[in-house]
>>> print(open('final.txt').read())   # compact mmCIF, C-alpha atoms
# COMPACT_ATOMS: atom_id res chain seq x y z
CA MET A 25 117.42 115.22 88.54
CA LYS A 26 118.91 115.50 92.01
CA ILE A 27 116.53 115.52 94.97
CA SER A 28 118.17 118.71 96.26
CA GLU A 29 117.43 120.39 92.90
CA ILE A 30 113.79 119.38 93.17
CA VAL A 31 113.57 120.95 96.62
CA SER A 32 114.94 124.28 95.44
CA LEU A 33 112.87 124.22 92.25
CA LEU A 34 109.67 123.83 94.26
CA ASN A 35 110.87 126.03 97.08
CA ALA A 36 109.80 123.18 99.34
CA THR A 37 111.04 121.95 102.73
CA MET A 38 113.23 118.90 103.10
CA VAL A 39 112.09 117.37 106.39
CA CYS A 40 114.58 114.53 106.56
CA GLY A 41 117.19 112.83 104.42
CA ARG A 42 119.10 116.03 103.66
CA GLU A 43 122.33 114.04 103.37
CA LEU A 44 120.71 112.02 100.59
CA GLY A 45 119.95 115.07 98.44
CA GLU A 46 122.49 114.05 95.79
CA ARG A 47 120.44 111.04 94.77
CA GLU A 48 118.87 111.18 91.34
CA VAL A 49 115.23 110.58 90.48
CA GLU A 50 114.07 110.15 86.91
CA TYR A 51 110.36 109.34 87.11
CA GLY A 52 107.43 110.75 89.04
CA PHE A 53 104.16 109.21 90.19
CA ALA A 54 101.36 111.10 91.90
CA SER A 55 98.73 109.25 93.91
CA ASP A 56 96.91 109.24 97.21
CA LEU A 57 96.13 105.55 96.71
CA MET A 58 99.04 103.45 97.94
CA SER A 59 97.63 100.35 96.22
CA ASP A 60 98.41 102.02 92.88
CA VAL A 61 101.94 102.89 93.98
CA LEU A 62 102.57 99.27 94.99
CA THR A 63 101.88 98.05 91.44
CA LEU A 64 104.83 100.00 89.98
CA GLU A 65 108.14 98.43 89.03
CA THR A 66 109.95 101.66 88.15
CA ASP A 67 113.31 102.51 89.73
CA ASN A 68 114.48 106.04 90.67
CA LEU A 69 110.91 107.04 91.31
CA LEU A 70 109.62 110.11 93.08
CA LEU A 71 106.26 109.80 94.87
CA ILE A 72 104.00 112.83 95.06
CA THR A 73 101.09 112.39 97.45
CA GLY A 74 98.63 114.13 99.73
CA LEU A 75 98.47 111.10 102.02
CA ALA A 76 100.60 111.97 105.04
CA ASN A 77 100.66 108.86 107.18
CA ASN A 78 102.95 105.96 108.12
CA GLN A 79 101.63 103.84 105.27
CA ALA A 80 102.87 106.29 102.64
CA VAL A 81 106.39 105.89 104.06
CA ARG A 82 106.02 102.11 104.38
CA THR A 83 104.82 101.94 100.77
CA ALA A 84 107.91 103.87 99.65
CA GLU A 85 110.10 101.55 101.70
CA MET A 86 108.66 98.40 100.10
CA SER A 87 108.75 99.90 96.60
CA ASP A 88 112.35 101.22 96.88
CA ILE A 89 111.15 104.80 96.39
CA PRO A 90 113.89 107.20 97.59
CA CYS A 91 111.81 110.36 97.96
CA ILE A 92 108.25 111.45 98.82
CA ILE A 93 106.80 114.92 98.32
CA PHE A 94 103.76 115.64 100.52
CA VAL A 95 101.63 118.24 98.77
CA ARG A 96 98.75 120.53 99.85
CA ASN A 97 100.63 121.56 102.99
CA LYS A 98 100.27 118.14 104.64
CA LYS A 99 102.58 117.77 107.61
CA VAL A 100 104.96 114.91 108.23
CA THR A 101 104.75 113.37 111.73
CA GLN A 102 107.68 112.43 113.97
CA GLU A 103 106.82 108.75 113.52
CA MET A 104 106.96 109.14 109.73
CA ILE A 105 110.37 110.78 110.02
CA GLU A 106 111.67 107.89 112.12
CA LEU A 107 110.43 105.33 109.58
CA ALA A 108 111.91 107.33 106.70
CA VAL A 109 115.31 107.78 108.34
CA GLU A 110 115.49 104.04 108.99
CA SER A 111 114.92 103.34 105.30
CA ASN A 112 116.93 106.24 103.82
CA ILE A 113 113.90 107.97 102.37
CA THR A 114 113.85 111.73 101.85
CA LEU A 115 110.62 113.43 102.93
CA ILE A 116 109.64 116.80 101.47
CA GLU A 117 106.77 119.09 102.49
CA TYR A 118 105.25 121.28 99.79
CA SER A 119 102.63 123.90 100.59
CA SER A 120 100.99 124.13 97.16
CA SER A 121 98.82 121.72 95.22
CA MET A 122 99.69 118.38 93.67
CA PHE A 123 98.91 119.84 90.25
CA LYS A 124 101.41 122.65 90.70
CA ALA A 125 104.14 120.30 91.89
CA ILE A 126 103.61 118.04 88.89
CA ALA A 127 103.51 120.96 86.45
CA ILE A 128 106.84 122.31 87.69
CA LEU A 129 108.56 118.93 87.86
CA SER A 130 107.26 117.79 84.50
CA GLN A 131 108.60 120.94 82.87
CA ALA A 132 111.94 120.31 84.56
CA GLY A 133 112.16 116.86 82.94
CA ILE A 134 110.77 114.39 85.48
CA LYS A 135 109.09 111.70 83.39
CA PRO A 136 105.78 109.90 83.90
CA VAL A 137 105.83 106.17 84.61
CA PHE A 138 103.14 105.50 82.01
CA MET B 185 115.77 79.96 108.28
CA VAL B 186 112.40 80.62 109.84
CA PHE B 187 111.22 83.97 111.18
CA GLU B 188 107.92 84.65 112.88
CA PHE B 189 106.01 87.86 113.52
CA GLU B 190 102.73 88.82 115.16
CA VAL B 191 100.31 91.25 113.49
CA GLN B 192 97.56 93.16 115.34
CA GLY B 193 94.28 93.68 113.48
CA GLY B 194 93.19 97.30 113.21
CA ASP B 195 96.55 98.75 114.20
CA PHE B 196 97.48 100.88 111.21
CA ALA B 197 100.30 102.66 113.01
CA THR B 198 102.36 99.47 113.06
CA ALA B 199 101.12 97.93 109.79
CA GLY B 200 104.19 97.09 107.76
CA ASN B 201 106.54 96.44 110.68
CA ALA B 202 106.82 92.74 109.90
CA SER B 203 107.36 93.39 106.19
CA SER B 204 110.03 95.91 107.08
CA GLN B 205 111.85 93.40 109.32
CA ILE B 206 111.72 90.73 106.63
CA LYS B 207 113.04 93.19 104.04
CA LYS B 208 116.04 93.90 106.28
CA ILE B 209 116.71 90.17 106.67
CA LEU B 210 116.54 89.59 102.90
CA LYS B 211 118.94 92.48 102.33
CA GLN B 212 121.39 91.04 104.85
CA LEU B 213 121.18 87.73 103.01
CA ASN B 214 122.14 89.54 99.79
CA VAL B 215 119.01 88.49 97.93
CA ASP B 216 118.72 90.29 94.56
CA HIS B 217 116.96 93.65 95.01
CA ARG B 218 114.38 92.85 92.29
CA ASP B 219 113.41 89.66 94.14
CA ILE B 220 113.31 91.54 97.45
CA LYS B 221 110.93 94.11 95.99
CA ARG B 222 108.56 91.43 94.65
CA ILE B 223 108.56 89.61 97.99
CA VAL B 224 108.07 92.62 100.23
CA VAL B 225 105.42 94.28 98.05
CA ALA B 226 103.34 91.07 98.10
CA LEU B 227 104.03 90.60 101.80
CA TYR B 228 103.17 94.19 102.70
CA GLU B 229 99.86 93.94 100.81
CA ALA B 230 99.12 90.74 102.76
CA GLU B 231 100.14 92.29 106.08
CA VAL B 232 97.90 95.31 105.42
CA ASN B 233 95.08 92.88 104.66
CA ILE B 234 95.45 91.32 108.12
CA VAL B 235 95.40 94.76 109.74
CA ALA B 236 92.44 95.83 107.60
CA HIS B 237 90.28 92.74 107.92
CA ALA B 238 91.37 90.37 110.72
CA PHE B 239 91.57 90.45 114.53
CA LYS B 240 95.13 89.22 114.61
CA GLY B 241 97.57 87.18 112.61
CA ARG B 242 100.94 85.53 112.38
CA ILE B 243 103.52 85.77 109.63
CA ILE B 244 105.89 82.85 109.23
CA ALA B 245 108.70 83.44 106.75
CA ASN B 246 110.75 80.52 105.55
CA ILE B 247 113.85 81.63 103.69
CA ASP B 248 116.25 79.30 101.94
CA THR B 249 118.75 79.73 99.12
CA SER B 250 116.32 79.16 96.26
CA GLU B 251 112.94 80.25 97.56
CA VAL B 252 111.12 82.40 100.06
CA ARG B 253 107.91 80.92 101.39
CA ILE B 254 105.77 83.12 103.62
CA ARG B 255 102.58 82.02 105.37
CA LEU B 256 100.18 84.58 106.78
CA VAL B 257 97.65 83.02 109.11
CA ASP B 258 94.92 85.22 110.51
CA GLU B 259 91.98 84.92 112.83
CA GLY B 260 89.15 86.92 111.36
CA PRO B 261 85.98 86.94 109.30
CA GLY B 262 87.44 84.85 106.49
CA ILE B 263 86.70 85.27 102.78
CA PRO B 264 83.37 83.76 101.64
CA ASP B 265 84.21 83.84 97.92
CA ILE B 266 87.95 83.79 97.18
CA GLU B 267 87.46 83.97 93.41
CA LEU B 268 85.45 87.16 93.83
CA ALA B 269 88.03 88.60 96.25
CA MET B 270 90.75 87.95 93.67
CA GLN B 271 88.99 90.17 91.15
CA GLN B 272 90.57 93.55 90.53
CA GLY B 273 88.44 96.26 92.13
CA TYR B 274 86.46 94.05 94.51
CA SER B 275 86.84 95.18 98.12
CA THR B 276 85.04 94.97 101.44
CA ALA B 277 87.41 97.43 103.13
CA SER B 278 86.08 100.00 105.59
CA SER B 279 86.28 103.75 105.00
CA GLU B 280 89.08 103.83 107.60
CA VAL B 281 91.14 101.44 105.46
CA ARG B 282 90.47 103.60 102.39
CA GLU B 283 91.66 106.67 104.25
CA MET B 284 94.93 104.84 104.84
CA GLY B 285 95.47 104.62 101.09
CA PHE B 286 94.23 101.08 100.57
CA GLY B 287 90.97 99.22 100.04
CA ALA B 288 90.70 99.59 96.28
CA GLY B 289 90.45 95.87 95.63
CA MET B 290 93.99 95.67 94.27
CA GLY B 291 95.87 93.85 97.01
CA LEU B 292 95.21 90.20 96.17
CA PRO B 293 95.78 90.62 92.39
CA ASN B 294 99.02 92.51 93.11
CA MET B 295 100.17 89.77 95.51
CA LYS B 296 99.57 87.22 92.77
CA LYS B 297 101.48 89.32 90.23
CA ASN B 298 104.52 89.62 92.48
CA THR B 299 104.79 85.97 93.50
CA ASP B 300 105.56 82.75 91.65
CA GLU B 301 102.89 80.90 93.57
CA MET B 302 100.12 82.07 95.86
CA HIS B 303 97.65 79.95 97.79
CA VAL B 304 94.66 81.34 99.66
CA THR B 305 92.47 79.24 101.90
CA SER B 306 89.76 80.59 104.14
CA VAL B 307 87.07 79.52 106.56
CA VAL B 308 84.27 82.03 107.18
CA ASP B 309 84.24 83.31 110.79
CA LYS B 310 87.55 81.59 111.52
CA GLY B 311 90.22 83.11 109.35
CA THR B 312 92.32 83.17 106.24
CA THR B 313 95.69 81.67 105.37
CA VAL B 314 97.74 83.10 102.53
CA GLU B 315 100.91 81.47 101.29
CA LEU B 316 103.29 83.49 99.15
CA ILE B 317 106.11 81.74 97.31
CA VAL B 318 108.87 83.53 95.42
CA PHE B 319 111.80 81.73 93.82
CA ILE B 320 115.03 83.62 94.37
CA ASN B 321 118.54 83.54 92.96
CA GLN B 322 117.23 82.00 89.74
CA PRO B 323 119.51 82.18 86.69
CA THR B 324 118.23 84.98 84.46
CA THR B 325 116.68 83.78 81.24
>>> encode(input="final.txt", output="structure tokens")
Amino acid sequence: MKISEIVSLLNATMVCGRELGEREVEYGFASDLMSDVLTLETDNLLLITGLANNQAVRTAEMSDIPCIIFVRNKKVTQEMIELAVESNITLIEYSSSMFKAIAILSQAGIKPVF
Amino acid sequence: MVFEFEVQGGDFATAGNASSQIKKILKQLNVDHRDIKRIVVALYEAEVNIVAHAFKGRIIANIDTSEVRIRLVDEGPGIPDIELAMQQGYSTASSEVREMGFGAGMGLPNMKKNTDEMHVTSVVDKGTTVELIVFINQPTT
């Protein structure tokens, strides 16, 4: 599924990486614990998290994750945007819960990693 | 080629800067993306460990055509029992570190998983040295 499709499906806000909206993601992983994210080997992975800090973006950078959705109305900082732009990562803000995001995306065909 | 970086203990805003720089270098050198991911995930975990536990540290990355060898040398409390620290789930991380999304006792095991060789030596009240070795550009079996 295209990142731009995910944004409209969730009615969420793409904070940066708009030009990368055509990229496809196939799998989703939801966690506030970056240590768990760093154990994954999956490609084309979407990260759903409530942890809005630099380390979430750094974790995505190291793990080759192209897109992060920040749930529960967490706000992305300017510093996070700068890190994300440097690494071609799309950041999305979503005002509702993690559970709701997962429910919608799962129904739309985003697959779990395990 | 040798590259060296400084890491400040406690500075979570910049944690990952060195790993990010090394990732860029490896990309420029056209190292296979699977190898890059293994290297930088292990390295990032190790860099976060310096920020989480030590006062300061240095990262020395040695890159050649067949292997990447990275030494992380910190000045800090050291690890009294390395075997225990290697166990999944064991952590001495502060609540601040946990709020950053780490400190679940998964870093050292994950570093081991992503490297071909890993060596940890430590002296209590002096510091810890971690060496990460990943073979690159190996023929696929």
>>> atom_distance(input="final.txt", atom1="CA of Gln322 (chain B)", atom2="CA of Glu50 (chain A)")
28.5 Å
>>> closest_residue(input="final.txt", among="A:Ile116, A:Ala132, A:Val137, A:Val61", to="Cys40 (chain A)", atoms="only C-alpha atoms")
A:Ile116
>>> interface_residues(input="final.txt", of="chain A", to="chain B", cutoff="9 Å", atoms="all atoms listed in the file", output="list in words")
Asp56, Leu57, Met58, Ser59, Asp60, Leu62, Thr63, Glu65, Leu75, Asn77, Asn78, Gln79, Ala80, Arg82, Thr83, Glu85, Met86, Ser87, Asp88 and Glu103 of chain A
>>> closest_residue(input="final.txt", among="B:Phe189, B:Val304, B:Asp219, B:Ile234", to="Ala277 (chain B)", atoms="all atoms listed in the file")
B:Ile234
>>> residues_around(input="final.txt", residues="region 312-314 of chain B", least_positions_apart="3", cutoff="9 Å", atoms="all atoms listed in the file", output="count of residues only")
20
>>> closest_residue(input="final.txt", among="B:Val186, B:Leu268, B:Val235, B:Leu316", to="Glu301 (chain B)", atoms="all atoms listed in the file")
B:Leu316
>>> closest_residue(input="final.txt", among="B:Asn321, B:Gly194, B:Leu213, B:Gly273", to="Ser250 (chain B)", atoms="all atoms listed in the file")
B:Asn321
>>> closest_residue(input="final.txt", among="A:Tyr51, A:Val100, A:Gly74, A:Ala84", to="Ser121 (chain A)", atoms="all atoms listed in the file")
A:Gly74
>>> decode(input="final.txt", residues="region 224-254 of chain B", atoms="N, CA, C and O atoms", output="compact mmCIF listing (two decimals), in the first residue's frame")
# COMPACT_ATOMS: atom_id res chain seq x y z
N VAL B 224 24.78 -1.14 11.31
CA VAL B 224 24.32 0.10 11.97
C VAL B 224 23.34 -0.18 13.10
O VAL B 224 23.28 0.58 14.07
N VAL B 225 22.58 -1.28 13.01
CA VAL B 225 21.70 -1.62 14.14
C VAL B 225 22.54 -1.97 15.36
O VAL B 225 22.31 -1.46 16.46
N ALA B 226 23.56 -2.81 15.17
CA ALA B 226 24.46 -3.17 16.29
C ALA B 226 25.17 -1.93 16.82
O ALA B 226 25.27 -1.71 18.03
N LEU B 227 25.65 -1.10 15.90
CA LEU B 227 26.39 0.10 16.28
C LEU B 227 25.50 1.09 17.04
O LEU B 227 25.92 1.67 18.05
N TYR B 228 24.30 1.27 16.54
CA TYR B 228 23.37 2.21 17.18
C TYR B 228 23.03 1.75 18.60
O TYR B 228 23.01 2.55 19.54
N GLU B 229 22.78 0.45 18.76
CA GLU B 229 22.54 -0.10 20.11
C GLU B 229 23.74 0.21 21.02
O GLU B 229 23.56 0.60 22.18
N ALA B 230 24.93 0.04 20.47
CA ALA B 230 26.14 0.26 21.27
C ALA B 230 26.32 1.75 21.59
O ALA B 230 26.74 2.12 22.69
N GLU B 231 26.01 2.59 20.61
CA GLU B 231 26.12 4.04 20.82
C GLU B 231 25.11 4.50 21.89
O GLU B 231 25.46 5.29 22.78
N VAL B 232 23.89 3.98 21.81
CA VAL B 232 22.88 4.31 22.82
C VAL B 232 23.34 3.85 24.20
O VAL B 232 23.12 4.53 25.19
N ASN B 233 24.00 2.70 24.25
CA ASN B 233 24.53 2.22 25.53
C ASN B 233 25.52 3.20 26.14
O ASN B 233 25.52 3.42 27.35
N ILE B 234 26.39 3.78 25.32
CA ILE B 234 27.34 4.78 25.83
C ILE B 234 26.56 5.97 26.39
O ILE B 234 26.81 6.43 27.51
N VAL B 235 25.60 6.47 25.62
CA VAL B 235 24.81 7.62 26.07
C VAL B 235 24.05 7.28 27.35
O VAL B 235 23.97 8.09 28.27
N ALA B 236 23.53 6.05 27.42
CA ALA B 236 22.70 5.65 28.56
C ALA B 236 23.52 5.40 29.82
O ALA B 236 23.05 5.65 30.92
N HIS B 237 24.74 4.88 29.66
CA HIS B 237 25.45 4.38 30.84
C HIS B 237 26.78 5.08 31.14
O HIS B 237 27.22 5.06 32.29
N ALA B 238 27.44 5.64 30.13
CA ALA B 238 28.81 6.13 30.34
C ALA B 238 28.87 7.66 30.41
O ALA B 238 27.89 8.34 30.14
N PHE B 239 30.04 8.18 30.79
CA PHE B 239 30.24 9.64 30.82
C PHE B 239 30.56 10.15 29.42
O PHE B 239 30.08 11.17 28.97
N LYS B 240 31.44 9.42 28.75
CA LYS B 240 31.75 9.76 27.37
C LYS B 240 32.38 8.55 26.70
O LYS B 240 32.78 7.58 27.35
N GLY B 241 32.49 8.64 25.38
CA GLY B 241 33.08 7.51 24.68
C GLY B 241 33.59 7.90 23.31
O GLY B 241 33.36 9.02 22.83
N ARG B 242 34.33 6.96 22.72
CA ARG B 242 34.84 7.16 21.37
C ARG B 242 34.43 5.96 20.52
O ARG B 242 34.41 4.83 21.00
N ILE B 243 34.12 6.23 19.27
CA ILE B 243 33.80 5.16 18.34
C ILE B 243 34.85 5.19 17.23
O ILE B 243 35.05 6.22 16.59
N ILE B 244 35.53 4.07 17.07
CA ILE B 244 36.56 4.00 16.02
C ILE B 244 36.13 2.92 15.02
O ILE B 244 36.06 1.73 15.37
N ALA B 245 35.81 3.35 13.82
CA ALA B 245 35.34 2.42 12.79
C ALA B 245 36.43 2.16 11.77
O ALA B 245 36.99 3.09 11.20
N ASN B 246 36.72 0.91 11.58
CA ASN B 246 37.75 0.48 10.65
C ASN B 246 37.05 -0.27 9.51
O ASN B 246 36.54 -1.36 9.73
N ILE B 247 37.07 0.31 8.34
CA ILE B 247 36.31 -0.29 7.23
C ILE B 247 37.28 -0.74 6.15
O ILE B 247 38.08 0.06 5.65
N ASP B 248 37.25 -2.02 5.82
CA ASP B 248 38.00 -2.44 4.63
C ASP B 248 37.08 -3.26 3.71
O ASP B 248 35.88 -3.33 3.95
N THR B 249 37.63 -3.84 2.68
CA THR B 249 36.76 -4.43 1.65
C THR B 249 36.05 -5.70 2.11
O THR B 249 35.03 -6.07 1.54
N SER B 250 36.57 -6.36 3.13
CA SER B 250 35.93 -7.61 3.54
C SER B 250 35.35 -7.59 4.95
O SER B 250 34.61 -8.49 5.33
N GLU B 251 35.70 -6.58 5.74
CA GLU B 251 35.10 -6.52 7.07
C GLU B 251 35.02 -5.10 7.62
O GLU B 251 35.80 -4.22 7.23
N VAL B 252 34.06 -4.94 8.50
CA VAL B 252 33.92 -3.68 9.24
C VAL B 252 34.15 -4.01 10.71
O VAL B 252 33.52 -4.91 11.26
N ARG B 253 35.10 -3.30 11.30
CA ARG B 253 35.48 -3.56 12.69
C ARG B 253 35.30 -2.25 13.44
O ARG B 253 35.94 -1.25 13.13
N ILE B 254 34.41 -2.24 14.41
CA ILE B 254 34.12 -0.99 15.12
C ILE B 254 34.40 -1.18 16.61
O ILE B 254 33.87 -2.10 17.24
